[in-house]
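Worksheet: the structure to be examined is printed underneath.
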Amino acid sequence: MSDIKSDLNPGTVNTYDACPGADIAQESPLAWSYLNSGAPAPGPSSRIVMREQAARDHLILRGGAIVIDEAVRQVLGINLPARPQQLTLCDDGVSSLQWLSPDEWLLIVPFGQAYNIELELRAALGDASVAISEVSGGQTLLELSGDADALQQLLMKSVIYDTHPQHFPPGKGVTTVFAKTSLILRRPDDSRWELVVRRSFADYVYRWLLDAGDEFAIGVIRDGAQQGASA
Amino acid sequence: MQRYSGFALARHALSHHENWQRQWRNPTPKKAYDVIIVGGGGHGLATAYYLAKEFGVRNVAVIEKGWLGGGNTARNTTIVRSNYLWDEAAALYEHAMKLWEGLSQDLNYNVMFSQRGVLNLGHTLQDMRDIQRRVNANRLNGIDGEVLDAAGVQKIVPILDCSKRARYPVLGASWQPRAGVARHDAVAWGYARGADALGVDILQQTEVTGFKIRDGRIYGVHTNRGDIEAKTVGCVTAGNSGVMAGMAGIRLPLESHPLQALVSEPLKPVLDTVVMSNHVHGYISQSDKGDLVIGAGIDGYNGYGQRGSYPTVEHTLQAIVEMFPIFSRVRMNRQWGGIVDTCPDACPILSKTPVKGLYFNCGWGTGGFKATTGSGHVFAASLAKGEMHPLAAPFSIDRFHTGALVDEHGAAGVAH
Amino acid sequence: MRQSNRLKQGGRIERSRRLTFTFNGNSYEGYAGDTLASALLANGVDIVNRSFKYSRPRGIVAAGAEEPNAVVQLGSSEPSQVPNVRATQQALYEGLSARSTNGWPNVQRDLMGLIGKLGGKMMPPGFYYKTFMAPASMWLTYERYIRKSAGLGRSPGESDPDIYDHLNRHCDVLVIGAGPAGLTSALVAARSGARVIVCDEQEEMGGSLLASHQALDERPAADWLSDVLAEMEANANVTLLARTTANGYHDHNFVTLHERRTEHLADTAPMVNGRRQARSRLHRVRAGRVIMATGAHERPLVYAGNDIPGNFLAGAISTYIRRYAVVPGNKLVLSTANDDGYRAALDWLDAGREVVAVADARQAPDGALVEAVRSRGVRIIDGAAVIEAHGENRVSSVRVAPIDAAAFRISGEIETLKCDTVASSGGFSPVIHLASHTGSRPSWNDDIIGFIPSLPKGMLAAGSAQGLHELGAVLRDGAAVGAAAVRDLALDAAEVEVPQVASLHESAAMALFQVPHDKPTLRAPKQFVDLQNDVTAAAIELATREGFESIEHVKRYTAMGFGTDQGKLGNINGMAIAARCLGRTIPEVGTTVFRPNYTPVTFGAIVGRHCRELFDPERYTALHQWHVENGAEFEEVGQWKRPWYFPRTAKGKRETMHEAVARECLAVREGVGILDASTLGKIDIQGPDAREFLGRVYTNKWAKLPVGRVRYGLMCKDDGMVMDDGTTSCLAEDHFLMTTSTGGAAAVLEWLELWHQTEWPELDLTMSSVTDHWATMTVTGPKARDLLAELTDIDLDRDAFRFMDWREGKVAGVPARVFRISFTGELAYEINVQARAAMHVWKALFAHGEKYDLTPYGTETMHVLRAEKGFIIAGQDTDGSVTPEDLGMQWAVGYDKPFSWIGKRALTRPDTVRKDRKQLVGLRPKDASVVLEEGAQIVLDPQHAIPMPMVGHVTSSYYSPTLESGFALAVVKGGHERMGETVYLPMADGKVHEAEIVSTIFVDPKGERQNV
Amino acid sequence: MFHIYCPYCEEWREEEEFHPKGQAHIQRPIDPESCSDEEWGDYLFFRDNPRGIHHELWVHAVGCRKFFNITRHTQSYEILETYRMGETPSVTAESVKREAIAAAASTATSESAEEVRA
């Protein structure tokens, strides 16, 4: 292409570090919700605690499992979760990689790392046709912890997927229907569930959880809310 | 035919009602008829009735594999309206409406056609544009209609939540006062009684198993009770039309889908008109018995099972409770499903076919009941004359090849 | 009268907990553990309602879901009203307040009853089809009076104070019914390690065991019951749900269970620890196997006067005596055709009351129960039945006669016996409703004299639900079925020792439905089949005489089975009567079909939490808070809340929409405005074949779009009709960013995936939605460049950053992509930043924008500005019947592209090449002050008679402050060839507007302003 | 409500996660320009509508977003098979008919043949 601006793009795919710097005031998708619906603090009777982990970068990887597997082993030091519904946690306790479809994975990494990881992955991938799209601004991670029975009940009220421990052991994650929207539901370990929620639906999900969780005196820890810049 | 009236009722009461006659005979099939109608639902029976009454064709058989009026006629939510968008559809449905308006007297059978008005609610600016477009077109087509604002709607239906609190507040509505509801079973029975009295043979429990076709022309049908001959055959089998067409080697652009409905327990009168909403997706009226009659949406998959998926019912009741919060503690008694044959443009097929003498009347989708009268009338005219009636002509199968669709989706996205 | 019918001992009630309640305004007492029905009977209340059609007094006849009469209005306040509650299924609670649903002025002395008596003769089935026809204009008036008598209870007049919820459940085995069969099957499944749910509609689990005489392993049935329940409660894999009715069986073993969580406590749900709890809950269960252990309903006999209060089902008598310690009368006559009916006589005797006689339709019955009754000195009349009950408000005597059931006649002398209570038993109908919900047709079985289920895949039936009768057999069957269910699921079935039950000698039951009368049915006193709908045997006979021969016809003509009990009591009797009248067998008349629900379910429970604020998601952009704080009015666009306009308030006066929009429009045309465009769909497309793919899904060309450039694209379906539009930017040779309309975002992505996955999988590309990732802010107007220049490091020089270019750089310190595209016709920059920094950038723009009077604008102004430029909105200016050519957008159609892109072929069909298709044009009203109505129809001759030929309609119409005139876009037949012609728009108020057909571009036709 | 085995997620999932997309195996004509209006109309609008075994295209919309095929009976609603794009069904109306005939031949009773037909 004659018109290609080399400063704009040297390769066949555009990579661009669009992460707002740590000095920029950032808002999680729940900023409006905290203001509008409040955030009940967890109390002694709270059987469920909700906490947003906003300070994360999210990447979608799409392409063939074999080439991506090699690249993630090289860059992240983990195997690609190649089985359906598989969720793999990284050693840093923050990053994770999740199967979304036979050619699609969700990579969650600490805030500000998406661009460098994308570059490293692309370098490792070489000419392989793999797409990497950053979606950090478009979704957030909600963490639910507390009494296992209450959590189970809350999830049964909200998602149509079978969340019984026999059917949903740690290390699993699914995209499913949540109330009248969809989200990714994951179980990183025995103590927590995670919801990956689209930004524009986050307020609905939040209000739903407060309402459905009321009988368990659900509480909200807000310290994750504005962490984007400081993480 | 015994005349029905209040006086007749009193007279029969004196003889313990022992002397009422059959409403229709149970005849033995003849070898041949001038016209065979396949399908003894509302549309088929109406076709036979008008053939005999208006067009002098009385040597007619209606062949029904089950019991007459037992298909969608028995399963719909009984709404009758004619406020369709496109000229062709509006003309056909308004023709039907005019026949509805004298039907009880014409049949001497009270079909309880009750012109209590139909509201189509608008909840978005685009809804309101569509409503204005439709009402303007209706008016110039001679069909009654009015655009109401939210206050106007509230006046007609005080129990409707017209507040700003709603997720999708009511912005206004179209209002057709002449529209309403009718007693669906009575329509089939009234036409059956009327047709029978004029000499039409209604053959129930008789199943057409094939067509007798030679050299591209029809000569009759095979049935489980033997062959029956006729040189004109009209197929009016709704959800089963695709299967019937297959027997004649014809393909139709139809898909048969489940359409669900439900009723509440009977309640003292609380809702006098029909209220429909495309946007929150539900419609409701109250029957003379007191049941709230509620329509659910069409299911997206093909199905002949006379049932659909449960979430469709859930979504419908969510919409009803959103519109009428006071109904939250009312209880749902029964749900059921019909099989609707839908066309790509949400309009029917009234058409000749490549087989000479074989006609189809189908594809009414969710709009079949309200068209019963007009559909029967123009189809009878077409069968009697061998040429499609002018009101039926735009609905030929050809349109799917020329592209001349009559696309009512924009105006009639909701099932009813 | 204080619980005069309550026995001193026995029952499962808690005598220490006295409860007060009111019925029809009178105060009564009962006990915890009572149902409303048992408490009313305990207090000697005979008349609980008036019948629907004839207004006859009615009493309680049954003890469960099959009760047709005792249907009451519950609720002590307006919002807590519940219509049509069956008293037999309503637990008593302190303060319960109930009323009869019919009866005027009251249920005891009802005036309508007079009309029913006098006019009843005039009301055979279907009478309304035969009258009220003249004159036609009077029907609505007649109907108003007919409607007055409609309905049972009434709707609340105020909104529901309660909440409801759903639980989505999954299990290996769902057991429906916790009677002897259900419990043994559940026990096997639970011990086998399966995930088990057991539900039962009653207040207590146990079913028939709760009132059983029989010993299990030589212990009282209740002891075995509590052991089993305790074991299952302790098993973490078992969920026990009492007060929970399985209402609907759906495809692939999906079952809805309705759990009444608080209805036994109060009419509004009490708070728990200061928090609200759901009044009732719907469990949406997906089960590996479903075991239908739903038992059987007793059938009453049909005889004259069988609706007078004091007529009961025999089994109901036993239930009231044994479970509730209530004996609802003094002198009993039993009419039965089987041994089971005798249990009522035994219980009646045990309660210390008199059994006047037993009329047994069979000759010489000798079963153990028969002999037990005989041995207590009760007179048993063989081969006889109660043919008629007498009494006004309570049975006072019966006529008993020997009958010849086969010949349907009285075969001997009739005698009259004094009594106040009649119990009847015609046999048992398995409760098979759920099995037929998905269309399976049950079949008639002569051995059990009833229908047995034909089971859908994945469902098993156990115990009396499949016609078993004897308790020992029922228990063994339950265990066997439980084992079969777990084996189906590839589990090893655990051993369970089934308790031993002494087996009783039983004499064979006889098929008896309608009892003959000394008069023919049409002349005999009313013999009721469906008590709730007042359907009599005569009505069924009349229907068959009139040609209604299928049972479906009979039901519809007579309304039999359409009540809230759905014919549980009467339908089989009705079928048998129809069969008798037609000289056919029951299976020849038809089968019985059922639809959900088994018993009615509250709308609220089905709706669950999906109401009020949670009815449907509201989608917000990252800037929503700012919009709210700045007074925006919102428009619904799909699920999004988009700012519609931003009215300002000056000197206490708030702008009208017209004023606000005019101000916003001028700000953009003359200064600079800003729009939150974040809701546009955005799709990130990567891969070597991305460009080829674009060429196939868009109508225009993409082969040569250079990196750094943006192009407008139009998308059609394969029928040639426009479906969506938007811009797509080339980010790199193999990388594009597509935008779609707000409403079309999800559908377009699914559409593109459909083509890629199913039609062209060989194309190497992937697509991901980045709609929510990027926030989009459109800065537009002549001063847009000046403003943006203050905040960005991007070179904004008009030649370095041209119209339809995009660039990367920082805006307000945030990395951004900026697109120089324009939907307003003015100089415009669409700034995309990650949504988490959107508010920062937006606020920074306003901080710098103050000196330019940066004006936020909403969708309304956006629409005016785009329409002035002739830009379409897909879905507003198109409706699925408009081609690119109809829009005059041939410039966006690549006729010579090598691949036959989606929609191309359809453009050459006869109808799409018609010259007189409706085409998009501009309309200029002759009177500049007129803003045409959107949706107004366009005619050429406004004098034409109705129906008036229409040639098109207005799709978009606004007032333009720039033109100082109304203007519109419209589609008009052959419009492209009619420039300059005058058309007319006749309105509802009689006015006829005149307008001129003009170009769709009203402002800056050469496009110079966007290119400055 | 259907319970659907997603051939990509390799799990049974609830119908609410899926959208039906009409008849499966509709092939867009390779060279649309050479199609007659009749052929193009057939491709656009005419679909099989059997009472019986039907091959349908569905998408796991809330899930892996993959399109796949379902072979389903439109009267009983029983799902006989799900299979990935590009695969051919192993159960068809013809195969079921063949098996029914074989089964009827192997069992002497006419009753079981009746069942198979139903």
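Here, A, B, ... name the chains of the structure tokens in the order displayed, residue numbers run from 1 inside each chain, and ligands are numbered from 1 in the same displayed order.
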**OP:** Identify every residue of chain A that has at least one atom within 12 Å of any atom of chain B, counting only C-alpha atoms, and report the result as a ChimeraX atom specification.
**Re:** /A:160,179-180
Tell me, counting only C-alpha atoms, for each residue of chain A within 8 Å of chain C, which pair of atoms is nearest and how far apart they are in Å to one decimal, in rows ordered by chain and increasing number, as a tab-separated table.
```
residue	atom	partner	partner_atom	distance
A:Met1	CA	C:Pro706	CA	6.2
A:Ser2	CA	C:Pro706	CA	7.5
A:Asp3	CA	C:Pro706	CA	5.6
A:Ile4	CA	C:Val707	CA	5.0
A:Lys5	CA	C:Val707	CA	7.0
A:Leu8	CA	C:Glu808	CA	7.4
A:Asn9	CA	C:Ala732	CA	6.1
A:Gly11	CA	C:Ala732	CA	6.9
A:Thr12	CA	C:Glu733	CA	4.7
A:Val13	CA	C:Ala732	CA	5.0
A:Asn14	CA	C:Ala732	CA	5.2
A:Asp17	CA	C:Pro815	CA	7.2
A:Ala18	CA	C:Pro815	CA	4.7
A:Cys19	CA	C:Pro815	CA	6.6
A:Pro20	CA	C:Val814	CA	5.1
A:Gly21	CA	C:Val814	CA	7.0
A:Ile24	CA	C:Ala837	CA	7.1
A:Ala25	CA	C:His840	CA	6.1
A:Gln26	CA	C:Ala837	CA	4.9
A:Glu27	CA	C:Arg836	CA	5.0
A:Ser28	CA	C:Arg836	CA	6.0
A:Pro29	CA	C:Ala622	CA	6.9
A:Trp32	CA	C:Gln625	CA	5.9
A:Ile60	CA	C:Ser768	CA	7.9
A:Arg62	CA	C:Thr766	CA	6.9
A:Gly63	CA	C:Thr766	CA	7.9
A:Ser129	CA	C:Gly687	CA	6.5
A:Val130	CA	C:Gly687	CA	7.6
A:Ala131	CA	C:Gln686	CA	5.9
A:Ser133	CA	C:Asp684	CA	7.2
A:Glu134	CA	C:His773	CA	7.9
A:Val135	CA	C:His773	CA	5.1
A:Ser136	CA	C:His773	CA	6.3
A:Gly137	CA	C:His773	CA	4.1
A:Gly138	CA	C:His773	CA	3.5
A:Gln139	CA	C:His773	CA	7.2
A:Gln153	CA	C:Leu167	CA	7.5
A:Met156	CA	C:Asn168	CA	4.9
A:Lys157	CA	C:Leu167	CA	4.5
A:Ser158	CA	C:Leu167	CA	7.7
A:Val159	CA	C:Asn168	CA	7.0
A:Ile160	CA	C:Asn168	CA	5.6
A:Tyr161	CA	C:Asn168	CA	7.7
A:Asp162	CA	C:His170	CA	6.0
A:Ala179	CA	C:His610	CA	7.9
A:Lys180	CA	C:Asp616	CA	6.8
A:Thr181	CA	C:Pro617	CA	7.3
A:Arg198	CA	C:Asp772	CA	6.9
A:Arg199	CA	C:Asp772	CA	5.9
A:Ser200	CA	C:Arg619	CA	4.8
A:Phe201	CA	C:Arg619	CA	5.5
A:Asp203	CA	C:Arg619	CA	7.7
A:Tyr204	CA	C:Pro617	CA	5.5
A:Arg207	CA	C:Leu614	CA	7.9
A:Trp208	CA	C:Leu614	CA	7.0
A:Ala212	CA	C:Arg609	CA	7.9
A:Asp214	CA	C:Arg275	CA	7.0
A:Glu215	CA	C:Arg275	CA	6.0
```
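For chain D, the residues within 6 Å of chain A are Cys9, Val62, Gly63 and Cys64 of chain D, with only C-alpha atoms used to measure distance.
Going from CA of Glu750 (chain C) to CA of Ser900 (chain C) covers 20.8 Å.
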Subject >> strand (DSSP E) residues, from DSSP on the backbone, in region 534-619 of chain C, as a PyMOL selection string >> reply: chain C and resi 535-536+601-602
Export N, CA and C atoms of the chosen residues as a PDB file, in the first residue's frame?
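Final output, result29.pdb:
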```
ATOM      1  N   VAL C 535     -71.081 -27.571  35.011  1.00  0.00           N
ATOM      2  CA  VAL C 535     -71.356 -28.432  33.860  1.00  0.00           C
ATOM      3  C   VAL C 535     -72.017 -29.705  34.373  1.00  0.00           C
ATOM      4  N   THR C 536     -73.205 -30.011  33.815  1.00  0.00           N
ATOM      5  CA  THR C 536     -73.972 -31.161  34.277  1.00  0.00           C
ATOM      6  C   THR C 536     -73.907 -32.306  33.277  1.00  0.00           C
ATOM      7  N   VAL C 601     -50.150 -20.814  39.066  1.00  0.00           N
ATOM      8  CA  VAL C 601     -48.928 -20.229  39.628  1.00  0.00           C
ATOM      9  C   VAL C 601     -49.005 -18.705  39.532  1.00  0.00           C
ATOM     10  N   THR C 602     -48.637 -18.068  40.613  1.00  0.00           N
ATOM     11  CA  THR C 602     -48.632 -16.607  40.668  1.00  0.00           C
ATOM     12  C   THR C 602     -47.751 -16.021  39.572  1.00  0.00           C
TER      13      THR C 602
END
```
**OP:** Show me which bits of chain B are within 10 Å of chain D, counting only C-alpha atoms, as an MDAnalysis selection string.
**Re:** chainID B and resid 239:243 246 251:257 299:312 341 343:345 398:403
Residues from the last selection, C-alpha atoms, saved as a PDB file, in the first residue's frame:
```
ATOM      1  CA  GLY B 239     -49.172 -25.185  10.197  1.00  0.00           C
ATOM      2  CA  ASN B 240     -49.488 -28.376   8.208  1.00  0.00           C
ATOM      3  CA  SER B 241     -49.364 -26.620   4.812  1.00  0.00           C
ATOM      4  CA  GLY B 242     -45.729 -27.417   4.160  1.00  0.00           C
ATOM      5  CA  VAL B 243     -46.418 -31.106   4.656  1.00  0.00           C
ATOM      6  CA  GLY B 246     -44.872 -31.708  -0.131  1.00  0.00           C
ATOM      7  CA  ARG B 251     -42.326 -26.227  -1.978  1.00  0.00           C
ATOM      8  CA  LEU B 252     -43.698 -23.313  -0.021  1.00  0.00           C
ATOM      9  CA  PRO B 253     -41.681 -20.548   1.620  1.00  0.00           C
ATOM     10  CA  LEU B 254     -43.133 -21.462   5.000  1.00  0.00           C
ATOM     11  CA  GLU B 255     -41.787 -22.368   8.370  1.00  0.00           C
ATOM     12  CA  SER B 256     -44.036 -23.779  11.067  1.00  0.00           C
ATOM     13  CA  HIS B 257     -43.254 -22.350  14.469  1.00  0.00           C
ATOM     14  CA  ASP B 299     -40.388 -19.525  19.231  1.00  0.00           C
ATOM     15  CA  GLY B 300     -37.496 -19.273  16.814  1.00  0.00           C
ATOM     16  CA  TYR B 301     -37.265 -22.928  15.878  1.00  0.00           C
ATOM     17  CA  ASN B 302     -39.565 -25.022  13.721  1.00  0.00           C
ATOM     18  CA  GLY B 303     -41.994 -27.107  15.714  1.00  0.00           C
ATOM     19  CA  TYR B 304     -45.172 -29.076  15.274  1.00  0.00           C
ATOM     20  CA  GLY B 305     -45.425 -30.060  18.926  1.00  0.00           C
ATOM     21  CA  GLN B 306     -48.050 -27.461  19.900  1.00  0.00           C
ATOM     22  CA  ARG B 307     -45.720 -26.246  22.566  1.00  0.00           C
ATOM     23  CA  GLY B 308     -42.760 -23.929  22.801  1.00  0.00           C
ATOM     24  CA  SER B 309     -40.034 -23.136  25.260  1.00  0.00           C
ATOM     25  CA  TYR B 310     -40.683 -21.988  28.796  1.00  0.00           C
ATOM     26  CA  PRO B 311     -38.553 -18.803  28.703  1.00  0.00           C
ATOM     27  CA  THR B 312     -40.940 -17.399  26.117  1.00  0.00           C
ATOM     28  CA  ASP B 341     -47.039 -21.166   9.427  1.00  0.00           C
ATOM     29  CA  CYS B 343     -43.855 -16.471   5.607  1.00  0.00           C
ATOM     30  CA  PRO B 344     -40.637 -14.508   5.203  1.00  0.00           C
ATOM     31  CA  ASP B 345     -42.626 -11.269   4.855  1.00  0.00           C
ATOM     32  CA  ASP B 398     -44.563 -15.585  -7.222  1.00  0.00           C
ATOM     33  CA  ARG B 399     -43.650 -12.691  -5.018  1.00  0.00           C
ATOM     34  CA  PHE B 400     -40.802 -14.647  -3.476  1.00  0.00           C
ATOM     35  CA  HIS B 401     -39.141 -14.855  -6.858  1.00  0.00           C
ATOM     36  CA  THR B 402     -39.880 -11.365  -8.149  1.00  0.00           C
ATOM     37  CA  GLY B 403     -39.083  -9.782  -4.798  1.00  0.00           C
TER      38      GLY B 403
END
```
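With only C-alpha atoms taken into account, the protein and nucleic acid residues at most 12 Å from Gly43 (chain A) (excluding it and anything under 4 positions from it in its own chain) are Ala39, Arg47, Ile48, Val49, Gly146, Phe216, Ala217, Ile218, Gly219, Val220 and Ile221 of chain A.
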**OP:** At a cut-off of 6 Å, list the chain B residues touching chain C, using only C-alpha atoms, as a PyMOL selection string.
**Re:** chain B and resi 4-6+13+21-23+109-110+129+132-133+136+140-142+265-268+288-290+318+325-326+328-335+402-404
Could those selected residues go to a file with N, CA and C atoms, as a CSV table (one decimal), in the first residue's frame?
```
chain,number,residue,atom,x,y,z
B,4,TYR,N,-81.8,-19.9,15.7
B,4,TYR,CA,-81.4,-19.7,17.1
B,4,TYR,C,-81.9,-18.3,17.5
B,5,SER,N,-82.5,-18.2,18.7
B,5,SER,CA,-82.9,-16.9,19.3
B,5,SER,C,-83.2,-17.1,20.7
B,6,GLY,N,-83.4,-16.0,21.5
B,6,GLY,CA,-83.8,-16.1,22.9
B,6,GLY,C,-85.2,-16.8,23.0
B,13,ALA,N,-86.6,-24.9,26.4
B,13,ALA,CA,-86.5,-25.1,27.8
B,13,ALA,C,-87.7,-25.9,28.3
B,21,GLN,N,-81.5,-29.8,17.4
B,21,GLN,CA,-80.9,-30.7,16.3
B,21,GLN,C,-79.4,-30.6,16.3
B,22,ARG,N,-78.8,-31.5,15.6
B,22,ARG,CA,-77.4,-31.5,15.4
B,22,ARG,C,-77.0,-30.1,14.7
B,23,GLN,N,-75.9,-29.6,15.1
B,23,GLN,CA,-75.4,-28.3,14.5
B,23,GLN,C,-74.8,-28.6,13.1
B,109,TYR,N,-75.5,-17.3,14.6
B,109,TYR,CA,-74.7,-17.9,15.6
B,109,TYR,C,-73.9,-16.8,16.3
B,110,ASN,N,-74.1,-16.7,17.5
B,110,ASN,CA,-73.4,-15.5,18.2
B,110,ASN,C,-71.9,-15.9,18.4
B,129,ARG,N,-42.9,6.6,15.8
B,129,ARG,CA,-42.8,6.9,14.3
B,129,ARG,C,-43.6,5.8,13.5
B,132,GLN,N,-47.3,6.3,14.0
B,132,GLN,CA,-47.8,7.4,13.2
B,132,GLN,C,-47.9,7.0,11.8
B,133,ARG,N,-46.9,6.3,11.3
B,133,ARG,CA,-46.9,5.9,9.9
B,133,ARG,C,-48.1,5.0,9.6
B,136,ASN,N,-51.6,6.8,10.0
B,136,ASN,CA,-51.8,7.7,8.8
B,136,ASN,C,-52.2,6.9,7.6
B,140,LEU,N,-56.0,6.9,5.6
B,140,LEU,CA,-56.2,7.1,4.1
B,140,LEU,C,-56.7,5.9,3.4
B,141,ASN,N,-56.6,4.7,4.1
B,141,ASN,CA,-57.1,3.5,3.5
B,141,ASN,C,-58.5,3.2,4.0
B,142,GLY,N,-59.1,4.2,4.8
B,142,GLY,CA,-60.4,4.0,5.3
B,142,GLY,C,-60.6,3.1,6.5
B,265,GLU,N,-56.3,-17.4,35.9
B,265,GLU,CA,-57.5,-17.8,36.5
B,265,GLU,C,-58.6,-16.7,36.2
B,266,PRO,N,-59.9,-17.1,36.2
B,266,PRO,CA,-60.9,-16.1,35.9
B,266,PRO,C,-61.0,-15.0,37.0
B,267,LEU,N,-61.1,-13.8,36.6
B,267,LEU,CA,-61.1,-12.7,37.5
B,267,LEU,C,-62.4,-11.8,37.2
B,268,LYS,N,-62.8,-11.1,38.2
B,268,LYS,CA,-63.9,-10.1,37.9
B,268,LYS,C,-63.3,-9.1,36.9
B,288,ASP,N,-64.8,-12.9,28.4
B,288,ASP,CA,-66.1,-12.7,29.1
B,288,ASP,C,-66.2,-13.7,30.3
B,289,LYS,N,-65.4,-14.7,30.3
B,289,LYS,CA,-65.4,-15.6,31.4
B,289,LYS,C,-64.5,-15.0,32.6
B,290,GLY,N,-63.7,-14.0,32.3
B,290,GLY,CA,-62.9,-13.4,33.3
B,290,GLY,C,-61.4,-13.7,33.2
B,318,GLN,N,-43.3,-11.4,32.3
B,318,GLN,CA,-42.5,-10.2,32.8
B,318,GLN,C,-43.0,-8.9,32.1
B,325,PRO,N,-48.5,-3.8,36.9
B,325,PRO,CA,-48.0,-4.3,38.2
B,325,PRO,C,-49.0,-4.9,39.1
B,326,ILE,N,-50.3,-4.5,39.0
B,326,ILE,CA,-51.3,-5.1,39.9
B,326,ILE,C,-51.6,-6.5,39.6
B,328,SER,N,-49.4,-8.9,39.5
B,328,SER,CA,-48.3,-9.7,40.1
B,328,SER,C,-48.9,-10.9,40.9
B,329,ARG,N,-50.0,-10.7,41.6
B,329,ARG,CA,-50.5,-11.7,42.5
B,329,ARG,C,-51.6,-12.5,41.8
B,330,VAL,N,-51.9,-12.2,40.6
B,330,VAL,CA,-52.8,-13.0,39.8
B,330,VAL,C,-52.1,-14.3,39.4
B,331,ARG,N,-52.8,-15.4,39.2
B,331,ARG,CA,-52.2,-16.6,38.9
B,331,ARG,C,-52.4,-17.1,37.5
B,332,MET,N,-51.4,-17.7,36.9
B,332,MET,CA,-51.5,-18.3,35.6
B,332,MET,C,-52.1,-19.7,35.7
B,333,ASN,N,-53.2,-19.9,34.9
B,333,ASN,CA,-53.9,-21.2,35.0
B,333,ASN,C,-53.3,-22.2,34.0
B,334,ARG,N,-53.2,-21.8,32.8
B,334,ARG,CA,-52.9,-22.7,31.7
B,334,ARG,C,-52.1,-22.1,30.6
B,335,GLN,N,-51.2,-22.8,30.0
B,335,GLN,CA,-50.5,-22.4,28.8
B,335,GLN,C,-50.7,-23.4,27.7
B,402,THR,N,-40.0,-12.7,-7.6
B,402,THR,CA,-39.9,-11.4,-8.1
B,402,THR,C,-39.3,-10.4,-7.1
B,403,GLY,N,-39.5,-10.7,-5.8
B,403,GLY,CA,-39.1,-9.8,-4.8
B,403,GLY,C,-40.2,-8.8,-4.3
B,404,ALA,N,-41.4,-9.0,-4.9
B,404,ALA,CA,-42.5,-8.1,-4.5
B,404,ALA,C,-43.1,-8.5,-3.2
```
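With only C-alpha atoms as the atoms that count, the residue of C:Gly412, C:Gly590, C:Gly652, C:Gly894 with the shortest distance to Thr699 (chain C) is C:Gly894.
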Original post:
Leaving out region 80-94 of chain D and any residue of its chain fewer than 5 positions from it, which residues lie within 10 Å of it when counting only C-alpha atoms, given as a list of chain:residue names?
Top reply: C:Gln757, C:Thr758, C:Glu759, C:Pro761, D:Ile4, D:Tyr5, D:Cys6, D:Pro7, D:Tyr8, D:Ala24, D:His25, D:Pro50, D:Gly52, D:Ile53, D:His54, D:His55, D:Glu56, D:Leu57, D:Trp58, D:Lys66, D:Phe67, D:Phe68, D:Asn69, D:Ile70, D:Thr71, D:Arg72, D:His73, D:Glu99, D:Ala100
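Restricting the calculation to only C-alpha atoms, the smallest distance between chain D and any of C:Lys641, C:Arg379, C:Arg260, C:Lys457 is found for C:Lys457.
Using only C-alpha atoms, the protein and nucleic acid residues lying no more than 9 Å from Gln204 (chain B), apart from those fewer than 3 places from it along its own chain, are Asn26, Gly40, Val62, Ile63, Glu64, Lys65, Gly66, Trp67, Leu68 and Glu207 of chain B.
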